[in-house]
Structures are given as structure tokens and as C-alpha cells.
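In what follows, a single structure is set out as C-alpha cells and then discussed.
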Amino acid sequence: MIYPCLNFIAQEILVFGLGLSFTVYLFLVLRNQQKRSFNYKFLIPSLAAVQLALLGLLISHKNDLKNSPLHLSNLNMSFVAYTAQVLGEDEAKPNSIANRVRLKQGFVNGTWVPVDGEVLIYHRSEKGLNVGDFLMIPGFPQAIQGPTFPYEFDYRKFMRRQKITHQHFINENFQKIGSIHDQPVNLFFISLRRNVMGNLDLLIQDPRANQVAKALLLGQKKNMEKEISEAYATAGAMHILAVSGLHVGIIYGFFFLFIKPYRLKRHKRIIYLSTIILLIWGYAMLTGMSPSVMRAATMFSLMALAQMKSRSPSIFNAIALSAFILLIFDSDLIFAVGFQLSYVALTGILLFQPVLVRHWLPKNKVLEYIWQISTVGVAAQLATFPISAYYFHTFPVYFILSNLVAIPGAFLIMSFGVPLMLLGGVPFLGGVLAWLTENSIAVVNFAVFGIQDLPLARVDNIYFSTQTIFFYWMILALIFIATIIRRTWPLYSLMFLLALLLILKGVRFNNDLKQKEMIFHVGKKDFSIDLILGNALYSFDNMDAASQNFKLAPFRNSQQKKTVQDLLLLENDSIIQAVLPKNIGSLIISSGKMDLQGITSPFQSYVWEDGEWQEEVLDNQVQGEGKTYKLAFY
């Protein structure tokens with residue numbers, strides 16, 4: 001998180017600092033051991049923290065694409081063709097098929113030169129592509145474009161954090177010249193996943209149950225129908241479709257039903273737990289190694305390693321160490337939504353669920369079971385709500401009700417589904433397991449779609465800033481501390497924080513009342529105008545439905561507290577005149593350009609580039625280049 005501010009530090013300095021701090025740290029630790037004492041109580045932990053920070057900077061420096069001279073995004077030349085290795089399986093799109101490829105060489109001035117970087121190609125080959133295929137592709141990939149509107153999803157940043165910076169629409173204009181099998185383990189699990197999915201297609205006939213089975217058992221939900229994902233998201237049960245700790249924990253706990261490791265002798269215990277670790281990571285690779293399943297697999301592996309020595313490790317140490325290990329391999333994982341939700345949800349459950357249960361625990365077994373499951377959902381929602389609001393802008397109202405069905409349902413589906421994946425090809429047994437799995441999913445689907453249809457099932461258009469997230473977690477932490485230590489200072493701190501939040505909200509509200517700006521977009525055939533005057537938002541556009549949903553809607557929904565009104569328009573043939581209120585003036589829109597001469601109020605002009613407003617002096621006529629501009633009136 002701090003690397004963008006310190007990326008100017010040379011790699012050699014980071015290595016030297018890491019080596020020096022480790023040497024001093026090791027010397028002090030050995031000195032304490034020699035004297036059988038514990039001195040330097042502040043210095044030793046401080047040096048450990050410095051080492052972790054320097055190691056993080058060093059790993060981030062290594063993973064930063066800007067520091068790779070051969071990377072496609074850093075080249076000062078273009079090539080007419082390139083060779084690439086296919087890394088990802090075919091992913092069906094509405095009008096094409098997408099694959100992730102890694103560049104190997106580029107053809108420049110009659111010579112093949114080495115290049116690096118990953119590209120997302122879109123093709124229409126009927127045969128499709130396989131992982132490991134080696135391709136020759138004419139042309140040069142296009143850099144993925146950033147957002148053109150405020151609040152628009154930044155697809156460029158999203159893909160860059162997955163190490164993909166370019167895309168290329170190649171249709172059928174490519175040639176397969178061979179295959180490279182340099183990742184046999186990965187290819188084995190891809191082939192195994194394909195076979196399992198083929199068996200599921202044969203055995204589970206119901207389309208909805210089939211898609212949920214692939215998502216819940218194998219983590220494959222890219223081709224899931226939108227109405228299914230919408231239903232699970234609205235009901236608050238989407239988490240069971242992302243392979244995570246729940247799924248891995250079921251597999252981990254399954255082995256403990258038959259053999260308890262602590263009853264085994266040391267060498268047998270090591271063999272048994274090592275086998276479980278291998279199976280867990282095998283399942284993780286089978287499901288595609290998503291951030292949530294990697295977190296779960298790493299944590300359960302650490303717990304199994306501790307149990308080899310008959311120890312009961314702290315779960316919080318396992319959480320921290322698993323995150324550290326994963327970030328060593330890919331520092332950009334910290335920006336993945338799945339990674340954030342997985343760790344925050346688990347931390348919330350471990351912290352808040354015992355407190356909720358301690359305050360009230362029903363004596364009735366059925367009520368206790370319902371309360372235990374409900375508190376798990378409440379604890380997870382308390383922790384993850386600001387992240388969900390920040391990324392998805394929604395809140396599932398009936399998440400407690402859905403969890404009462406989804407969590408036991410997921411356990412039941414996994415209990416039948418995992419044996420189905422293993423024994424699906426066995427006559428009769430495979431059919432029985434498929435019937436049980438399909439009907440279990442059908443019951444869960446029925447409940448989820450029923451919850452979705454309840455009134456006010458989901459609250460939409462929730463927009464949290466990073467400042468709001470900080471205050472939310474600080475308030476939540478103080479409430480939690482107050483319930484634990486029974487002191488007065490958390491309450492006083494909470495009152496101070498709430499007062500500060502109210503003051504900041506008041507300042508923001510006052511600034512909003514004074515807001516006077518116009519944001520407009522000019523394309524070759526489309527345009528949009530959004531005029532903000534205090535608590536009023538005047539809007540008009542002629543964009544298609546897709547552009548409205550992905551570009552305009554996020555911005556306009558973020559202005560939810562404002563009164564939305566239509567602009568007064570005067571049309572004459574192909575010329576449109578927008579009359580702006582409050583004596584600001586008027587705009588003339590015609591033939592892919594916008595004339596600003598009619599604006600009488602003075603203003604400062606900006607253009608939206610690289611995710612922020614940048615000052616730019618505009619001509620009286622703004623041409624339709626697909627950019628978004630802002631006029632701040634004063």
C-alpha cells in the first residue's frame with residue numbers, strides 16, 4: 001500500500017537495508033539467547049517490522065511492470081507481428097472468445113526480438129484454443145483504455161493488477177505454430193477440471209442446478225446466467241458460490257471424522273496431515289486458485305503443520321502468516337476484492353461472533369443452531385459491509401434469512417458433490433449422487449429466488465468513500481473494545497469520533513450546497529450533460545443503454561441525495577440547444593461537437609484523464625473525441 005509513495009527507492013538500497021536490519025536483528029536475538037534474557041524489547045520488534053516493510057517494498061518493486069524493460073507497456077517501438085503462448089482457457093463472450101496469452105517475441109524490422117507481457121486476445125476460431133498453444137499473431141495489441149467518466153469502473157487498473165495491460169481483437173487472423181507444455185501440473189488440473197465439468201453436464205440436467213454446481217464445487221462461474229448471480233447477490237448468499245474457507249473447511253473436516261491426528265503416532269500423523277495438505281492444494285488448483293481459496297488452503301495448511309507437532313496455533317497468527325505468504329508471491333493480491341473480503345470476513349467472524357453468542361445463547365437446541373448461524377452472518381456483514389458498499393454499492397436486507405438456508409445447503413451440496421466429482425463415472429452410484437446433488441441445489445435455488453422476490457430485498461446505490469470506510473471501522477473497533485474491556489475511554493473516543501464525523505458531514509453538506517459545475521461528455525454520435533447546482537442535478541443524454549449503465553449510471557447514482565431534473569432542450573433539425581438554468585447560459589450540440597460560446601458564467605475547465613480531473617483550457621467548440629469534461633463555475 002505504501003509502495004506507490006516510495007517506488008523511487010532503488011532496488012539496491014532496499015536489498016542493503018533488508019540485509020542490514022536482518023543482521024542486527026539476528027545479532028540481538030542470538031545475544032539474548034546467549035544471556036538467557038529478553039532485552040531490547042522495543043528494538044527487536046521494531047527491526048522485525050522494518051524487515052517486513054522493506055521486504056514488501058522489494059517484492060512490490062520486483063512485481064512492478066514499470067521496472068521490466070522488455071514489458072510491452074514500456075517499449076518505445078511497435079512490431080508488425082508477435083508470438084505468444086496461451087495461458088488461459090477459452091472464455092465465451094457475446095461475440096467472440098477470450099484467451100489470456102503471454103508474449104514471447106515481436107517482429108521488428110525483419111528481426112524477432114524478445115518481449116514480455118500478457119495480452120487478452122479475442123478471436124472467433126471454431127476450434128478454440130488450449131492452454132500451451134503457441135501462436136503467431138499479426139498486428140500490435142492495443143493498450144486497455146482507462147475510464148472516461150468519473151465513478152466508472154476502471155477496467156484498465158483492474159486488468160493491470162492481473163498483469164494484463166493490452167488487448168487484441170484478432171478474429172481468425174492468427175496461426176497456431178506449436179505447443180509449449182512448461183506447466184505440466186497446471187495443465188493436468190485444467191484437463192481434470194474440464195473432465196469433471198463434462199461429467200456434471202451429463203449428470204446434472206437442470207440448467208440452473210448445473211451452473212450452481214460448477215460454481216460451488218469448482219469455482220467456475222464466468223458463464224453463469226446473470227439472473228442466477230443477481231438472485232444470490234440480492235439474497236446475500238453469493239459467498240457460497242465463491243470457493244472459500246467454507247468449502248475447504250468441509251473437505252478438511254471430512255478427514256477428521258474418521259481419524260483424529262492427535263491419536264496417531266508422530267510419523268503417521270505427519271504422513272496423514274501431509275496427505276491432507278496435498279489434497280487441499282489439489283482441490284485449490286482444481287478450482288482455479290482464486291484469492292479466497294488460496295487464503296483458505298494456506299491457512300489450513302499452516303494449521304495442519306502445527307498439528308504435526310501436536311500444537312494448537314493461534315488462528316490470528318495463521319491469518320496473518322497466510323496473507324504474508326500469498327502477498328510474497330503476488331503483492332497485487334491485496335487489491336483483489338476476493339482477497340479483501342475473504343480476510344476481512346474471517347477476521348470479523350472470529351472477533352464479533354463469540355461476542356454476539358456470549359451476550360445471548362438460547363437453551364433450545366434448534367434456536368441455538370439458528371442463532372449460531374445467524375451470528376456468523378451478522379459478524380461477517382459487520383466487517384465486510386463497507387467493502388461491499390465501496391465496490392458493489394448494494395446491501396442484501398435478508399442476508400440472515402438466506403444464510404439459514406445457504407450455509408447448511410452448501411454443506412449438503414458439498415457432501416454429495418465432492419463424491420460425485422470423484423465417483424461420477426461409476427454406474428448407478430454416479431446417478432444417485434447426481435440426483436442428490438441436483439435436488440439439493442434445486443432446494444437452495446428455490447429458497448434463494450424466493451428471498452430475492454421479497455419486498456425491499458436489496459438496498460441499491462450505496463456509495464462509500466475511503467474516508468467513510470475508515471470512520472466505519474474505527475467506530476466498529478471502539479464498540480467492540482467497549483464490550484470487551486468495560487472501560488470508559490472507548491466510549492469517550494467513540495463520542496469524539498461521532499462528533500468529528502458529524503462535523504465533516506456538515507462541512508461536506510455545506511460545500512455541496514455551494515457546488516456549481518457542469519460535467520459533459522462529447523462523442524462522435526452521443527453526448528451527455530449533467531449540471532449540478534447545489535442540491536439539484538439537471539441531466540440529459542442520448543447514449544445507448546450499455547453506455548448509460550456502465551458510464552453514466554455510476555456517476556448519477558453517486559449524486560443520489562440531489563433532486564434530479566431534466567434540462568430544457570430546444571431542437572431544430574440536427575441542432576440541439578440546451579438552456580442552462582440560473583442564468584448560466586446555453587449549449588449548442590451538433591455533428592459531434594459542443595459549442596460553449598453561449599455560456600455566460602465564468603468557469604475553470606477540466607478533463608477526466610487517468611482517474612482524476614486535470615486542468616485543460618477548452619476551445620469554444622469541443623470536438624467529439626469521447627472525453628469527459630467539467631466546467632467549475634465561479
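Letters for chains follow the order of the C-alpha cells (A, B, ...), residue numbers begin at 1 for each chain, and ligand numbers begin at 1 in the order shown.
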
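Taking only C-alpha atoms, the non-local environment of A:Gln452 within 10 Å (same-chain residues fewer than 5 positions away omitted) comprises Glu230, Ala231, Tyr232, Ala233, Thr234, Ala235, Gly236, Pro396, Val397, Tyr398, Ser402, Phe446, Ala447, Ala457 and Arg458 of chain A.
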
Could those selected residues go to a file with C-alpha atoms, as a PDB file, in the first residue's frame?
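Written file, again-v7.pdb:
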```
ATOM      1  CA  GLU A 230     -28.299 -11.495  -9.275  1.00  0.00           C
ATOM      2  CA  ALA A 231     -30.569 -13.726  -7.180  1.00  0.00           C
ATOM      3  CA  TYR A 232     -27.713 -14.945  -4.970  1.00  0.00           C
ATOM      4  CA  ALA A 233     -26.313 -11.411  -4.623  1.00  0.00           C
ATOM      5  CA  THR A 234     -29.726  -9.974  -3.702  1.00  0.00           C
ATOM      6  CA  ALA A 235     -30.364 -12.738  -1.165  1.00  0.00           C
ATOM      7  CA  GLY A 236     -26.890 -12.274   0.375  1.00  0.00           C
ATOM      8  CA  PRO A 396     -28.778  -7.609   0.994  1.00  0.00           C
ATOM      9  CA  VAL A 397     -31.524  -6.938   3.551  1.00  0.00           C
ATOM     10  CA  TYR A 398     -32.421 -10.592   4.213  1.00  0.00           C
ATOM     11  CA  SER A 402     -30.595 -16.564   3.321  1.00  0.00           C
ATOM     12  CA  PHE A 446     -35.859 -22.209  -4.728  1.00  0.00           C
ATOM     13  CA  ALA A 447     -35.155 -20.549  -1.382  1.00  0.00           C
ATOM     14  CA  ALA A 457     -34.788  -7.409  -0.664  1.00  0.00           C
ATOM     15  CA  ARG A 458     -31.843  -5.201  -1.599  1.00  0.00           C
TER      16      ARG A 458
END
```

Subject >> Shell around A:Glu571 at 12 Å using only C-alpha atoms, local window under 3 positions removed, as a list in words >> reply: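 Result of the neighbour search: Leu568, Ser574, Ile575, Ile576, Gln577, Ala578, Val579, Leu587, Ile588, Ile589 and Ser590 of chain A.
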
Original post:
Given the choices A:Tyr472, A:Phe153, A:Tyr283, A:Phe496, which gets closest to A:Phe392 if the distance is worked out from only C-alpha atoms?
Top reply: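 Once distances to A:Phe392 are computed over only C-alpha atoms, the minimum belongs to A:Phe153.
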
Original post:
Out of A:Leu246, A:Asn542, A:Ile334, A:Met77, which residue has the shortest atom-to-atom distance to A:Pro408 when counting only C-alpha atoms?
Top reply: A:Leu246

Original post:
Which one is closest to A:Val101: A:Glu625, A:Asp206, A:Asp133, A:Glu368? Count only C-alpha atoms.
Top reply: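 Smallest separation from A:Val101 among the options: A:Asp133.
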
**OP:** Tell me which protein, DNA and RNA residues are within 12 Å of A:Thr275, counting only C-alpha atoms, leaving out same-chain ones fewer than 5 positions away, and put them as a PyMOL selection string.
**Re:** chain A and resi 252+255+261+268-270+280-282+301+304-305+308

Residues of stretch 423-478 of chain A within 8 Å of stretch 377-389 of chain A: nearest atom pair and distance (Å, one decimal) for each, counting only C-alpha atoms, sorted by chain and number, as CSV?
```
residue,atom,partner,partner_atom,distance
A:Ile462,CA,A:Ala389,CA,5.7
A:Tyr463,CA,A:Ala389,CA,6.1
A:Phe464,CA,A:Ala389,CA,6.0
A:Ile469,CA,A:Pro386,CA,5.6
A:Tyr472,CA,A:Pro386,CA,7.4
A:Trp473,CA,A:Ala383,CA,7.8
```

Include N, CA and C atoms and write out the residues we just selected as a short mmCIF file (atom, residue, chain, number, x, y, z; two decimals), in the first residue's frame.
```cif
data_model
loop_
_atom_site.label_atom_id
_atom_site.label_comp_id
_atom_site.auth_asym_id
_atom_site.auth_seq_id
_atom_site.Cartn_x
_atom_site.Cartn_y
_atom_site.Cartn_z
N ILE A 462 -25.58 2.50 -2.78
CA ILE A 462 -24.85 2.89 -1.57
C ILE A 462 -23.42 3.24 -2.00
N TYR A 463 -23.00 4.44 -1.71
CA TYR A 463 -21.66 4.87 -2.12
C TYR A 463 -20.86 5.29 -0.90
N PHE A 464 -19.78 4.54 -0.64
CA PHE A 464 -18.89 4.82 0.48
C PHE A 464 -17.57 5.36 -0.06
N ILE A 469 -15.24 4.58 5.02
CA ILE A 469 -14.81 3.24 5.44
C ILE A 469 -13.93 3.33 6.67
N TYR A 472 -16.11 4.08 9.66
CA TYR A 472 -16.94 2.92 9.99
C TYR A 472 -16.14 1.90 10.81
N TRP A 473 -14.94 1.58 10.32
CA TRP A 473 -14.14 0.56 11.03
C TRP A 473 -13.64 1.07 12.37
#
```

Original post:
DSSP says helix (DSSP H, G or I) for which residues of stretch 47-145 of chain A? Put them as a list in words?
Top reply: Leu47, Ala48, Ala49, Val50, Gln51, Leu52, Ala53, Leu54, Leu55, Gly56, Leu57, Leu58, Ile59, Ser60, His61, Lys62, Asn63, Leu65, Lys66, Asn67, Leu72, Ser73 and Asn74 of chain A

Serialized selection, C-alpha atoms, as an mmCIF file, in the first residue's frame:
```cif
data_model
loop_
_atom_site.group_PDB
_atom_site.id
_atom_site.type_symbol
_atom_site.label_atom_id
_atom_site.label_comp_id
_atom_site.auth_asym_id
_atom_site.auth_seq_id
_atom_site.Cartn_x
_atom_site.Cartn_y
_atom_site.Cartn_z
ATOM 1 C CA LEU A 47 13.582 -4.307 13.432
ATOM 2 C CA ALA A 48 11.172 -7.120 12.553
ATOM 3 C CA ALA A 49 8.619 -4.551 11.370
ATOM 4 C CA VAL A 50 11.286 -2.737 9.340
ATOM 5 C CA GLN A 51 12.292 -6.023 7.678
ATOM 6 C CA LEU A 52 8.677 -6.798 6.752
ATOM 7 C CA ALA A 53 8.225 -3.295 5.305
ATOM 8 C CA LEU A 54 11.462 -3.488 3.288
ATOM 9 C CA LEU A 55 10.610 -6.985 2.063
ATOM 10 C CA GLY A 56 7.197 -5.742 0.965
ATOM 11 C CA LEU A 57 8.761 -2.826 -0.912
ATOM 12 C CA LEU A 58 11.279 -5.152 -2.545
ATOM 13 C CA ILE A 59 8.591 -7.602 -3.678
ATOM 14 C CA SER A 60 6.407 -4.753 -4.966
ATOM 15 C CA HIS A 61 9.415 -3.329 -6.829
ATOM 16 C CA LYS A 62 10.012 -6.711 -8.443
ATOM 17 C CA ASN A 63 6.348 -7.100 -9.446
ATOM 18 C CA LEU A 65 5.639 -3.767 -14.558
ATOM 19 C CA LYS A 66 7.328 -0.370 -14.937
ATOM 20 C CA ASN A 67 10.608 -1.955 -13.831
ATOM 21 C CA LEU A 72 5.039 -4.439 -23.714
ATOM 22 C CA SER A 73 3.880 -1.296 -21.885
ATOM 23 C CA ASN A 74 7.473 0.026 -21.662
#
```

Using only C-alpha atoms, which residues sit within 10 Å of A:Phe300 once same-chain residues fewer than 3 positions away are excluded, as a compact mmCIF listing (two decimals) with C-alpha atoms, in the first residue's frame?
```txt
# COMPACT_ATOMS: atom_id res chain seq x y z
CA GLY A 245 -12.92 -21.36 3.67
CA VAL A 248 -12.10 -26.09 2.02
CA GLY A 249 -13.09 -26.41 5.70
CA TYR A 252 -10.56 -30.56 5.79
CA ILE A 276 -4.50 -33.75 3.69
CA ILE A 277 -2.38 -30.70 2.76
CA ILE A 280 -6.38 -29.37 -0.12
CA TRP A 281 -3.95 -27.76 -2.56
CA MET A 294 -5.71 -19.71 -1.68
CA ARG A 295 -6.31 -18.00 1.66
CA ALA A 296 -8.25 -21.00 2.95
CA ALA A 297 -5.75 -23.55 1.62
CA MET A 303 -2.88 -25.41 10.96
CA ALA A 304 -2.03 -28.92 9.75
CA LEU A 305 1.70 -28.18 10.04
CA ALA A 306 1.18 -27.06 13.63
CA ILE A 315 -5.89 -18.59 14.38
CA ALA A 318 -2.38 -18.26 10.86
CA ILE A 319 -4.42 -15.48 9.19
CA SER A 322 -1.17 -16.88 5.26
```

Original post:
Which residue out of A:Gly132, A:Gly139, A:Pro354, A:Gly253 has the minimum interatomic distance to A:Phe188 when only C-alpha atoms are used?
Top reply: A:Gly132
